[in-house]
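J.: Hey, dropping my_file_39.pdb in here, PDB, C-alpha atoms:
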ATOM      1  CA  MET A1280      -7.661 -15.743  -4.086
ATOM      2  CA  ASP A1281      -8.462 -15.435  -0.362
ATOM      3  CA  PHE A1282      -7.195 -11.861  -0.494
ATOM      4  CA  LEU A1283      -9.672 -10.921  -3.227
ATOM      5  CA  ARG A1284     -12.593 -12.701  -1.516
ATOM      6  CA  ASP A1285     -11.888 -11.136   1.902
ATOM      7  CA  THR A1286     -13.707  -7.882   2.724
ATOM      8  CA  LYS A1287     -12.491  -7.402   6.303
ATOM      9  CA  GLY A1288     -11.915  -3.804   7.346
ATOM     10  CA  GLN A1289     -10.422  -4.197  10.821
ATOM     11  CA  SER A1290      -6.904  -3.443  11.973
ATOM     12  CA  LEU A1291      -4.910  -4.470  15.065
ATOM     13  CA  VAL A1292      -3.616  -1.160  16.389
ATOM     14  CA  GLU A1293      -0.435  -2.325  18.149
ATOM     15  CA  TRP A1294       0.597  -4.229  15.022
ATOM     16  CA  LEU A1295      -0.285  -1.229  12.873
ATOM     17  CA  VAL A1296       1.946   1.076  14.950
ATOM     18  CA  ALA A1297       4.801  -1.452  14.879
ATOM     19  CA  ALA A1298       4.404  -1.890  11.102
ATOM     20  CA  ALA A1299       4.346   1.889  10.558
ATOM     21  CA  ILE A1300       7.574   2.269  12.566
ATOM     22  CA  ILE A1301       9.309  -0.593  10.719
ATOM     23  CA  ILE A1302       8.192   0.645   7.273
ATOM     24  CA  ALA A1303       9.289   4.217   8.089
ATOM     25  CA  VAL A1304      12.716   3.099   9.373
ATOM     26  CA  VAL A1305      13.409   0.526   6.625
ATOM     27  CA  GLY A1306      12.029   2.857   3.927
ATOM     28  CA  GLY A1307      14.163   5.742   5.196
ATOM     29  CA  VAL A1308      17.316   3.614   5.204
ATOM     30  CA  LEU A1309      16.630   2.277   1.688
ATOM     31  CA  LEU A1310      15.883   5.786   0.400
ATOM     32  CA  THR A1311      19.133   7.119   1.890
ATOM     33  CA  ILE A1312      21.118   4.260   0.361
ATOM     34  CA  ALA A1313      19.445   4.760  -3.048
ATOM     35  CA  ASN A1314      20.080   8.515  -3.044
ATOM     36  CA  THR A1315      23.711   8.075  -1.950
ATOM     37  CA  LEU A1316      24.265   5.419  -4.607
ATOM     38  CA  LYS A1317      22.619   7.605  -7.254
ATOM     39  CA  GLY A1318      24.888  10.535  -6.354
ATOM     40  CA  LYS A1319      28.026   8.375  -6.457
ATOM     41  CA  LEU A1320      27.095   6.767  -9.775
ATOM     42  CA  GLU A1321      26.288  10.163 -11.305
ATOM     43  CA  ALA A1322      29.695  11.434 -10.156
ATOM     44  CA  VAL A1323      31.384   8.414 -11.767
ATOM     45  CA  ASN A1324      29.336   8.917 -14.946
ATOM     46  CA  ASN A1325      30.236  12.617 -15.131
ATOM     47  CA  GLY A1326      33.910  11.760 -14.603
ATOM     48  CA  LEU A1327      34.026   9.482 -17.663
TER      49      LEU A1327
ATOM     50  CA  MET B1018      -6.405  10.104 -11.914
ATOM     51  CA  GLY B1019      -6.301  13.835 -12.295
ATOM     52  CA  PHE B1020      -6.692  16.525  -9.690
ATOM     53  CA  SER B1021      -9.713  18.184 -11.302
ATOM     54  CA  LEU B1022     -12.535  19.229  -8.985
ATOM     55  CA  ILE B1023     -14.792  16.449 -10.290
ATOM     56  CA  ALA B1024     -12.124  13.778  -9.780
ATOM     57  CA  ARG B1025     -11.419  14.987  -6.247
ATOM     58  CA  VAL B1026     -15.118  15.113  -5.341
ATOM     59  CA  LEU B1027     -15.717  11.598  -6.734
ATOM     60  CA  VAL B1028     -12.738  10.097  -4.877
ATOM     61  CA  SER B1029     -13.711  11.966  -1.679
ATOM     62  CA  ALA B1030     -17.299  10.657  -1.903
ATOM     63  CA  TRP B1031     -15.995   7.104  -2.429
ATOM     64  CA  LEU B1032     -13.712   7.449   0.634
ATOM     65  CA  VAL B1033     -16.454   8.893   2.886
ATOM     66  CA  TYR B1034     -18.871   6.127   1.810
ATOM     67  CA  LEU B1035     -16.287   3.414   2.555
ATOM     68  CA  ALA B1036     -15.404   4.983   5.921
ATOM     69  CA  ILE B1037     -19.084   4.964   6.985
ATOM     70  CA  VAL B1038     -19.583   1.372   5.791
ATOM     71  CA  ASP B1039     -16.404   0.234   7.568
ATOM     72  CA  VAL B1040     -17.470   1.818  10.889
ATOM     73  CA  ARG B1041     -20.943   0.229  10.640
ATOM     74  CA  ARG B1042     -20.082  -3.243   9.339
ATOM     75  CA  SER B1043     -16.291  -3.709   9.766
ATOM     76  CA  SER B1044     -16.154  -4.910   6.177
ATOM     77  CA  LEU B1045     -16.049  -3.236   2.778
ATOM     78  CA  PRO B1046     -18.171  -4.059  -0.299
ATOM     79  CA  HIS B1047     -16.547  -5.879  -3.213
ATOM     80  CA  TRP B1048     -17.927  -3.496  -5.847
ATOM     81  CA  ALA B1049     -16.064  -0.538  -4.289
ATOM     82  CA  THR B1050     -12.782  -2.329  -3.514
ATOM     83  CA  THR B1051     -12.189  -5.674  -5.232
ATOM     84  CA  ILE B1052     -13.659  -4.740  -8.630
ATOM     85  CA  PRO B1053     -11.509  -1.559  -8.990
ATOM     86  CA  VAL B1054      -8.371  -3.553  -8.013
ATOM     87  CA  LEU B1055      -9.217  -6.175 -10.688
ATOM     88  CA  ILE B1056      -9.801  -3.445 -13.292
ATOM     89  CA  ILE B1057      -6.567  -1.589 -12.448
ATOM     90  CA  GLY B1058      -4.499  -4.804 -12.343
ATOM     91  CA  GLY B1059      -6.012  -6.058 -15.604
ATOM     92  CA  ALA B1060      -5.508  -2.695 -17.295
ATOM     93  CA  ALA B1061      -1.859  -2.615 -16.159
ATOM     94  CA  ALA B1062      -1.304  -6.070 -17.658
ATOM     95  CA  VAL B1063      -2.988  -5.177 -20.981
ATOM     96  CA  VAL B1064      -1.222  -1.811 -21.286
ATOM     97  CA  GLY B1065       2.195  -3.125 -20.144
ATOM     98  CA  VAL B1066       2.262  -6.181 -22.404
ATOM     99  CA  GLY B1067       0.491  -4.322 -25.229
ATOM    100  CA  GLU B1068       2.928  -1.431 -25.202
ATOM    101  CA  LEU B1069       5.847  -3.836 -25.099
ATOM    102  CA  ILE B1070       4.580  -5.639 -28.211
ATOM    103  CA  PHE B1071       2.905  -2.722 -30.040
ATOM    104  CA  PRO B1072       4.676   0.398 -28.756
ATOM    105  CA  THR B1073       3.000   2.751 -31.208
ATOM    106  CA  VAL B1074      -0.562   1.516 -30.639
ATOM    107  CA  LEU B1075      -0.984   1.611 -26.867
ATOM    108  CA  ARG B1076       0.204   4.274 -24.506
ATOM    109  CA  ALA B1077       0.453   3.729 -20.765
ATOM    110  CA  PRO B1078      -2.044   5.739 -18.692
ATOM    111  CA  LEU B1079      -0.888   8.727 -16.619
ATOM    112  CA  ASP B1080       2.797   9.388 -17.208
ATOM    113  CA  TRP B1081       3.685   5.778 -16.581
ATOM    114  CA  GLY B1082       6.244   4.014 -18.690
ATOM    115  CA  VAL B1083       5.915   0.501 -20.008
ATOM    116  CA  TYR B1084       8.024  -0.907 -17.148
ATOM    117  CA  ASP B1085       5.816   0.729 -14.497
ATOM    118  CA  ALA B1086       2.735  -0.910 -16.028
ATOM    119  CA  LEU B1087       4.527  -4.261 -16.296
ATOM    120  CA  ALA B1088       5.747  -4.041 -12.670
ATOM    121  CA  LEU B1089       2.193  -3.269 -11.498
ATOM    122  CA  ALA B1090       0.909  -6.216 -13.570
ATOM    123  CA  LEU B1091       3.465  -8.466 -11.809
ATOM    124  CA  ALA B1092       2.308  -7.109  -8.427
ATOM    125  CA  PHE B1093      -1.266  -7.951  -9.506
ATOM    126  CA  LEU B1094      -0.114 -11.484 -10.392
ATOM    127  CA  ALA B1095       1.369 -11.734  -6.883
ATOM    128  CA  ILE B1096      -2.099 -10.855  -5.507
ATOM    129  CA  LEU B1097      -3.727 -13.577  -7.630
ATOM    130  CA  LEU B1098      -1.152 -16.116  -6.378
ATOM    131  CA  SER B1099      -1.116 -14.843  -2.782
ATOM    132  CA  ASP B1100      -2.592 -18.075  -1.359
ATOM    133  CA  THR B1101       0.687 -19.833  -2.147
ATOM    134  CA  ALA B1102       4.424 -19.167  -1.802
ATOM    135  CA  ALA B1103       4.514 -18.871  -5.617
ATOM    136  CA  ALA B1104       3.437 -15.239  -5.116
ATOM    137  CA  LEU B1105       7.044 -14.488  -4.098
ATOM    138  CA  VAL B1106       8.213 -14.962  -7.719
ATOM    139  CA  PRO B1107       6.100 -12.214  -9.399
ATOM    140  CA  GLY B1108       6.386 -10.101  -6.226
ATOM    141  CA  THR B1109      10.191 -10.139  -6.331
ATOM    142  CA  ALA B1110      10.178  -9.564 -10.092
ATOM    143  CA  ALA B1111       7.851  -6.564  -9.639
ATOM    144  CA  VAL B1112      10.160  -5.020  -7.006
ATOM    145  CA  ALA B1113      13.249  -5.603  -9.172
ATOM    146  CA  LEU B1114      11.596  -4.196 -12.323
ATOM    147  CA  ALA B1115      10.190  -1.130 -10.555
ATOM    148  CA  ALA B1116      13.464  -0.443  -8.706
ATOM    149  CA  ALA B1117      15.683  -0.873 -11.779
ATOM    150  CA  LEU B1118      13.616   0.579 -14.633
ATOM    151  CA  GLY B1119      10.514   2.178 -13.125
ATOM    152  CA  SER B1120       9.701   5.811 -12.434
ATOM    153  CA  ALA B1121       9.130   7.242  -8.938
ATOM    154  CA  GLN B1122       5.366   6.967  -9.561
ATOM    155  CA  GLY B1123       5.605   3.323 -10.588
ATOM    156  CA  ARG B1124       7.812   2.465  -7.612
ATOM    157  CA  THR B1125       5.345   4.095  -5.192
ATOM    158  CA  ALA B1126       2.393   2.154  -6.606
ATOM    159  CA  VAL B1127       4.187  -1.205  -6.855
ATOM    160  CA  PHE B1128       5.815  -1.033  -3.395
ATOM    161  CA  GLY B1129       2.503   0.204  -1.922
ATOM    162  CA  TRP B1130       0.601  -2.711  -3.468
ATOM    163  CA  LEU B1131       3.081  -5.323  -2.258
ATOM    164  CA  VAL B1132       3.452  -3.887   1.269
ATOM    165  CA  SER B1133      -0.366  -3.677   1.595
ATOM    166  CA  LEU B1134      -0.699  -7.281   0.391
ATOM    167  CA  ALA B1135       1.976  -8.451   2.857
ATOM    168  CA  MET B1136       0.390  -6.555   5.783
ATOM    169  CA  SER B1137      -3.025  -7.988   4.974
ATOM    170  CA  ARG B1138      -1.720 -11.552   4.638
ATOM    171  CA  ALA B1139       0.164 -11.112   7.944
ATOM    172  CA  GLY B1140      -3.117 -10.171   9.647
ATOM    173  CA  VAL B1141      -2.089  -6.602  10.524
ATOM    174  CA  PHE B1142      -5.095  -5.139   8.700
ATOM    175  CA  GLY B1143      -7.999  -6.479   6.656
ATOM    176  CA  ALA B1144      -7.956  -7.182   2.927
ATOM    177  CA  GLY B1145     -10.629  -4.511   2.406
ATOM    178  CA  ASP B1146      -8.344  -1.856   3.897
ATOM    179  CA  ALA B1147      -5.410  -3.124   1.800
ATOM    180  CA  LYS B1148      -7.486  -2.785  -1.374
ATOM    181  CA  VAL B1149      -8.395   0.821  -0.477
ATOM    182  CA  ILE B1150      -4.666   1.642  -0.135
ATOM    183  CA  MET B1151      -3.950  -0.102  -3.458
ATOM    184  CA  ILE B1152      -6.659   1.853  -5.313
ATOM    185  CA  LEU B1153      -5.508   5.173  -3.819
ATOM    186  CA  LEU B1154      -1.863   4.567  -4.742
ATOM    187  CA  ALA B1155      -2.840   3.477  -8.269
ATOM    188  CA  LEU B1156      -4.963   6.618  -8.781
ATOM    189  CA  TYR B1157      -2.412   8.938  -7.141
ATOM    190  CA  PRO B1158       1.022   7.237  -7.224
ATOM    191  CA  ASP B1159       2.671   9.971  -5.175
ATOM    192  CA  PRO B1160       5.236   9.233  -2.413
ATOM    193  CA  ARG B1161       3.641  12.098  -0.437
ATOM    194  CA  LEU B1162       0.302  10.255  -0.347
ATOM    195  CA  ALA B1163       2.050   7.057   0.808
ATOM    196  CA  GLY B1164       3.806   9.082   3.521
ATOM    197  CA  ILE B1165       0.568  10.741   4.672
ATOM    198  CA  LEU B1166      -1.278   7.383   4.856
ATOM    199  CA  LEU B1167       1.616   5.880   6.833
ATOM    200  CA  ALA B1168       1.758   8.892   9.167
ATOM    201  CA  ALA B1169      -2.031   8.824   9.694
ATOM    202  CA  CYS B1170      -1.883   5.138  10.673
ATOM    203  CA  GLY B1171       1.102   5.769  12.979
ATOM    204  CA  VAL B1172      -0.326   8.857  14.699
ATOM    205  CA  VAL B1173      -3.897   7.566  15.174
ATOM    206  CA  GLY B1174      -2.608   4.155  16.260
ATOM    207  CA  THR B1175      -0.182   5.667  18.785
ATOM    208  CA  VAL B1176      -2.875   7.932  20.281
ATOM    209  CA  LEU B1177      -5.346   5.032  20.636
ATOM    210  CA  LEU B1178      -2.661   2.761  22.075
ATOM    211  CA  VAL B1179      -1.495   5.337  24.656
ATOM    212  CA  ARG B1180      -5.122   5.992  25.679
ATOM    213  CA  LYS B1181      -5.723   2.262  26.142
ATOM    214  CA  VAL B1182      -2.529   1.048  27.836
ATOM    215  CA  GLY B1183      -0.829   4.315  28.887
ATOM    216  CA  GLY B1184       2.906   4.112  29.561
ATOM    217  CA  ALA B1185       3.017   0.431  28.638
ATOM    218  CA  ALA B1186       2.533   1.328  24.951
ATOM    219  CA  PRO B1187       6.280   1.360  24.055
ATOM    220  CA  LEU B1188       6.775  -2.023  25.743
ATOM    221  CA  LEU B1189       3.755  -3.439  23.903
ATOM    222  CA  VAL B1190       5.058  -2.179  20.546
ATOM    223  CA  GLN B1191       8.525  -3.569  21.371
ATOM    224  CA  ARG B1192       6.980  -6.981  22.113
ATOM    225  CA  VAL B1193       4.980  -6.860  18.874
ATOM    226  CA  VAL B1194       8.080  -5.966  16.816
ATOM    227  CA  LYS B1195       9.938  -8.917  18.416
ATOM    228  CA  ASP B1196       7.010 -11.258  17.689
ATOM    229  CA  GLY B1197       6.840  -9.994  14.122
ATOM    230  CA  LEU B1198      10.557 -10.521  13.538
ATOM    231  CA  ALA B1199      10.215 -14.027  15.024
ATOM    232  CA  GLY B1200       7.383 -14.800  12.570
ATOM    233  CA  SER B1201       4.591 -14.914  15.205
ATOM    234  CA  LEU B1202       2.185 -12.925  13.053
ATOM    235  CA  PRO B1203      -1.518 -12.468  13.913
ATOM    236  CA  ALA B1204      -2.516 -14.423  10.790
ATOM    237  CA  ARG B1205      -0.659 -17.467  12.175
ATOM    238  CA  THR B1206      -1.408 -17.145  15.881
ATOM    239  CA  GLY B1207      -5.004 -15.930  15.566
ATOM    240  CA  GLU B1208      -4.191 -12.985  17.859
ATOM    241  CA  GLU B1209      -7.161 -10.669  18.384
ATOM    242  CA  GLY B1210      -5.034  -7.688  19.464
ATOM    243  CA  VAL B1211      -5.395  -5.144  22.292
ATOM    244  CA  ILE B1212      -7.402  -2.718  20.123
ATOM    245  CA  ALA B1213      -9.102  -3.537  16.803
ATOM    246  CA  ILE B1214     -10.365  -0.543  14.814
ATOM    247  CA  PRO B1215     -11.866   0.015  11.358
ATOM    248  CA  LEU B1216      -8.884   1.362   9.395
ATOM    249  CA  THR B1217     -10.673   2.906   6.405
ATOM    250  CA  PRO B1218     -11.751   6.105   8.263
ATOM    251  CA  VAL B1219      -8.066   6.708   9.115
ATOM    252  CA  LEU B1220      -7.019   6.078   5.499
ATOM    253  CA  ALA B1221      -9.869   8.295   4.268
ATOM    254  CA  ALA B1222      -8.787  11.145   6.560
ATOM    255  CA  GLY B1223      -5.192  10.891   5.288
ATOM    256  CA  ALA B1224      -6.273  10.743   1.642
ATOM    257  CA  LEU B1225      -8.689  13.675   2.059
ATOM    258  CA  ILE B1226      -5.865  15.770   3.573
ATOM    259  CA  TYR B1227      -3.724  14.879   0.543
ATOM    260  CA  LEU B1228      -6.479  15.612  -2.000
ATOM    261  CA  TRP B1229      -7.708  18.916  -0.568
ATOM    262  CA  LEU B1230      -4.750  20.391   1.344
ATOM    263  CA  VAL B1231      -1.525  19.053  -0.174
ATOM    264  CA  VAL B1232      -2.032  19.015  -3.971
TER     265      VAL B1232
END
Once more with this new file: its structure as structure tokens, please.
T.:
Amino acid sequence: MDFLRDTKGQSLVEWLVAAAIIIAVVGGVLLTIANTLKGKLEAVNNGL
Amino acid sequence: MGFSLIARVLVSAWLVYLAIVDVRRSSLPHWATTIPVLIIGGAAAVVGVGELIFPTVLRAPLDWGVYDALALALAFLAILLSDTAAALVPGTAAVALAAALGSAQGRTAVFGWLVSLAMSRAGVFGAGDAKVIMILLALYPDPRLAGILLAACGVVGTVLLVRKVGGAAPLLVQRVVKDGLAGSLPARTGEEGVIAIPLTPVLAAGALIYLWLVV
């Protein structure tokens, strides 16, 4: 419940930049994989 | 939440108020952050479970399906259990449910909630800021909004970092990424950071761009 009790509104900028880079890179890779997989599975499905 | 003029004005006023409070006090009031998260999480649980049991009686809000509401309810359970490692169980279940059976809207909200929770628990930003992101992504579960908020944080953070440490910024970020991957998170080490800023004004700017210029 600490998360719900906490009201802090400060951010550590260097960590924020690093997190933004990591989320963008990991998110981009996952999105690419998901889209590729979706396309392949749709092709298999259409071939049946 | 809709994109009517009244809805946009209300959300904009809420964001501007929170940005001013955050700059002045570096903390955000419970009534404008915690209470809405509790209401949204509770509503997701009631609607998700209710629609599963009584599909003809309850209808999920927005265009969400039953699995989106259930996944968000599991993410809310992860928040309630976030003091312990037990939060990983509903968190993982929420990701799996949203990824396998959820819509794009549901995935955006659920992933946004869990990433915000993780960032807050890691000490990257405050719980108040995390709750603002959660409320925004529950009201407008749009991948474009998530992208704009992420870009706003990245751009503003990079500018502030370069102004403060100049050419050493890439090396500093590289060191932080290494520390993060090694598990030396600010929440564990008590690191104060090179620059600490109120994040809500940045989030508010991103959300206002989305509300008034993008949609």
J.: Kindly assemble as a tab-separated table a list of the chain A residues that lie within 12 Å of chain B, each paired with its nearest atom pair and their distance in Å to one decimal, using all atoms listed in the file, sorted first by chain and then by ascending residue number.
T.:
residue	atom	partner	partner_atom	distance
A:Met1280	CA	B:Leu1097	CA	5.7
A:Asp1281	CA	B:Asp1100	CA	6.5
A:Phe1282	CA	B:Ala1144	CA	5.8
A:Leu1283	CA	B:Thr1051	CA	6.2
A:Arg1284	CA	B:Thr1051	CA	8.0
A:Asp1285	CA	B:Ala1144	CA	5.7
A:Thr1286	CA	B:Gly1145	CA	4.6
A:Lys1287	CA	B:Ser1044	CA	4.4
A:Gly1288	CA	B:Ser1044	CA	4.5
A:Gln1289	CA	B:Pro1215	CA	4.5
A:Ser1290	CA	B:Phe1142	CA	4.1
A:Leu1291	CA	B:Ala1213	CA	4.6
A:Val1292	CA	B:Gly1174	CA	5.4
A:Glu1293	CA	B:Val1190	CA	6.0
A:Trp1294	CA	B:Val1141	CA	5.8
A:Leu1295	CA	B:Val1141	CA	6.1
A:Val1296	CA	B:Gly1171	CA	5.2
A:Ala1297	CA	B:Val1190	CA	5.7
A:Ala1298	CA	B:Val1194	CA	7.9
A:Ala1299	CA	B:Gly1171	CA	5.6
A:Ile1300	CA	B:Gly1171	CA	7.4
A:Ile1301	CA	B:Val1194	CA	8.2
A:Ile1302	CA	B:Leu1167	CA	8.4
A:Ala1303	CA	B:Leu1167	CA	8.0
A:Val1304	CA	B:Leu1167	CA	11.7
A:Gly1306	CA	B:Gly1164	CA	10.3
A:Gly1307	CA	B:Gly1164	CA	11.0
A:Leu1309	CA	B:Ala1116	CA	11.2
A:Leu1310	CA	B:Ala1116	CA	11.3
A:Ala1313	CA	B:Ala1116	CA	9.7
A:Lys1317	CA	B:Ala1117	CA	11.9
J.: Rank nothing, just name the residue among B:Ala1111, B:Leu1089, B:Leu1022, B:Leu1027 nearest to Ala1060 of chain B, using all atoms listed in the file.
T.: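 Of the candidates, the smallest distance to Ala1060 of chain B is held by B:Leu1089.
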J.: Written as a list of chain:residue names, which residues does the PyMOL selection byres ((chain B and resi 1150-1159) around 8) give for the file shown?
T.: B:Met1018, B:Thr1050, B:Pro1053, B:Val1054, B:Ile1057, B:Ala1121, B:Gln1122, B:Gly1123, B:Thr1125, B:Ala1126, B:Gly1129, B:Trp1130, B:Ser1133, B:Asp1146, B:Ala1147, B:Lys1148, B:Val1149, B:Pro1160, B:Arg1161, B:Leu1162, B:Ala1163, B:Leu1220, B:Ala1224
J.: Just say which residues the PyMOL selection byres ((chain B and resi 1118) around 12) picks in this file, as a count of residues only.
T.: 22
J.: Since fewer atoms than expected are present, regenerate N, CA and C atoms for segment 1292-1309 of chain A and write them as a PDB file, in the coordinates of the input.
T.:
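Ended up saving to rebuild_34.pdb:
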ATOM      1  N   VAL A1292      -4.317  -2.434  16.258  1.00  0.00           N
ATOM      2  CA  VAL A1292      -3.616  -1.160  16.389  1.00  0.00           C
ATOM      3  C   VAL A1292      -2.146  -1.325  16.766  1.00  0.00           C
ATOM      4  N   GLU A1293      -1.845  -2.206  17.733  1.00  0.00           N
ATOM      5  CA  GLU A1293      -0.435  -2.325  18.149  1.00  0.00           C
ATOM      6  C   GLU A1293       0.438  -2.843  17.004  1.00  0.00           C
ATOM      7  N   TRP A1294      -0.145  -3.727  16.184  1.00  0.00           N
ATOM      8  CA  TRP A1294       0.597  -4.229  15.022  1.00  0.00           C
ATOM      9  C   TRP A1294       0.726  -3.145  13.958  1.00  0.00           C
ATOM     10  N   LEU A1295      -0.312  -2.325  13.847  1.00  0.00           N
ATOM     11  CA  LEU A1295      -0.285  -1.229  12.873  1.00  0.00           C
ATOM     12  C   LEU A1295       0.811  -0.221  13.221  1.00  0.00           C
ATOM     13  N   VAL A1296       0.915   0.123  14.507  1.00  0.00           N
ATOM     14  CA  VAL A1296       1.946   1.076  14.950  1.00  0.00           C
ATOM     15  C   VAL A1296       3.333   0.486  14.712  1.00  0.00           C
ATOM     16  N   ALA A1297       3.498  -0.802  15.084  1.00  0.00           N
ATOM     17  CA  ALA A1297       4.801  -1.452  14.879  1.00  0.00           C
ATOM     18  C   ALA A1297       5.154  -1.493  13.395  1.00  0.00           C
ATOM     19  N   ALA A1298       4.154  -1.827  12.546  1.00  0.00           N
ATOM     20  CA  ALA A1298       4.404  -1.890  11.102  1.00  0.00           C
ATOM     21  C   ALA A1298       4.762  -0.515  10.549  1.00  0.00           C
ATOM     22  N   ALA A1299       4.056   0.527  11.033  1.00  0.00           N
ATOM     23  CA  ALA A1299       4.346   1.889  10.558  1.00  0.00           C
ATOM     24  C   ALA A1299       5.780   2.285  10.921  1.00  0.00           C
ATOM     25  N   ILE A1300       6.204   1.940  12.141  1.00  0.00           N
ATOM     26  CA  ILE A1300       7.574   2.269  12.566  1.00  0.00           C
ATOM     27  C   ILE A1300       8.590   1.524  11.700  1.00  0.00           C
ATOM     28  N   ILE A1301       8.358   0.218  11.495  1.00  0.00           N
ATOM     29  CA  ILE A1301       9.309  -0.593  10.719  1.00  0.00           C
ATOM     30  C   ILE A1301       9.383  -0.088   9.269  1.00  0.00           C
ATOM     31  N   ILE A1302       8.203   0.179   8.672  1.00  0.00           N
ATOM     32  CA  ILE A1302       8.192   0.645   7.273  1.00  0.00           C
ATOM     33  C   ILE A1302       8.907   1.997   7.163  1.00  0.00           C
ATOM     34  N   ALA A1303       8.650   2.899   8.135  1.00  0.00           N
ATOM     35  CA  ALA A1303       9.289   4.217   8.089  1.00  0.00           C
ATOM     36  C   ALA A1303      10.809   4.091   8.218  1.00  0.00           C
ATOM     37  N   VAL A1304      11.266   3.246   9.151  1.00  0.00           N
ATOM     38  CA  VAL A1304      12.716   3.099   9.373  1.00  0.00           C
ATOM     39  C   VAL A1304      13.374   2.423   8.169  1.00  0.00           C
ATOM     40  N   VAL A1305      12.813   1.269   7.755  1.00  0.00           N
ATOM     41  CA  VAL A1305      13.409   0.526   6.625  1.00  0.00           C
ATOM     42  C   VAL A1305      13.338   1.367   5.340  1.00  0.00           C
ATOM     43  N   GLY A1306      12.175   2.007   5.113  1.00  0.00           N
ATOM     44  CA  GLY A1306      12.029   2.857   3.927  1.00  0.00           C
ATOM     45  C   GLY A1306      13.016   4.005   3.923  1.00  0.00           C
ATOM     46  N   GLY A1307      13.209   4.633   5.086  1.00  0.00           N
ATOM     47  CA  GLY A1307      14.163   5.742   5.196  1.00  0.00           C
ATOM     48  C   GLY A1307      15.583   5.303   4.893  1.00  0.00           C
ATOM     49  N   VAL A1308      15.957   4.134   5.444  1.00  0.00           N
ATOM     50  CA  VAL A1308      17.316   3.614   5.204  1.00  0.00           C
ATOM     51  C   VAL A1308      17.514   3.305   3.715  1.00  0.00           C
ATOM     52  N   LEU A1309      16.514   2.626   3.109  1.00  0.00           N
ATOM     53  CA  LEU A1309      16.630   2.277   1.688  1.00  0.00           C
ATOM     54  C   LEU A1309      16.700   3.525   0.808  1.00  0.00           C
TER      55      LEU A1309
END
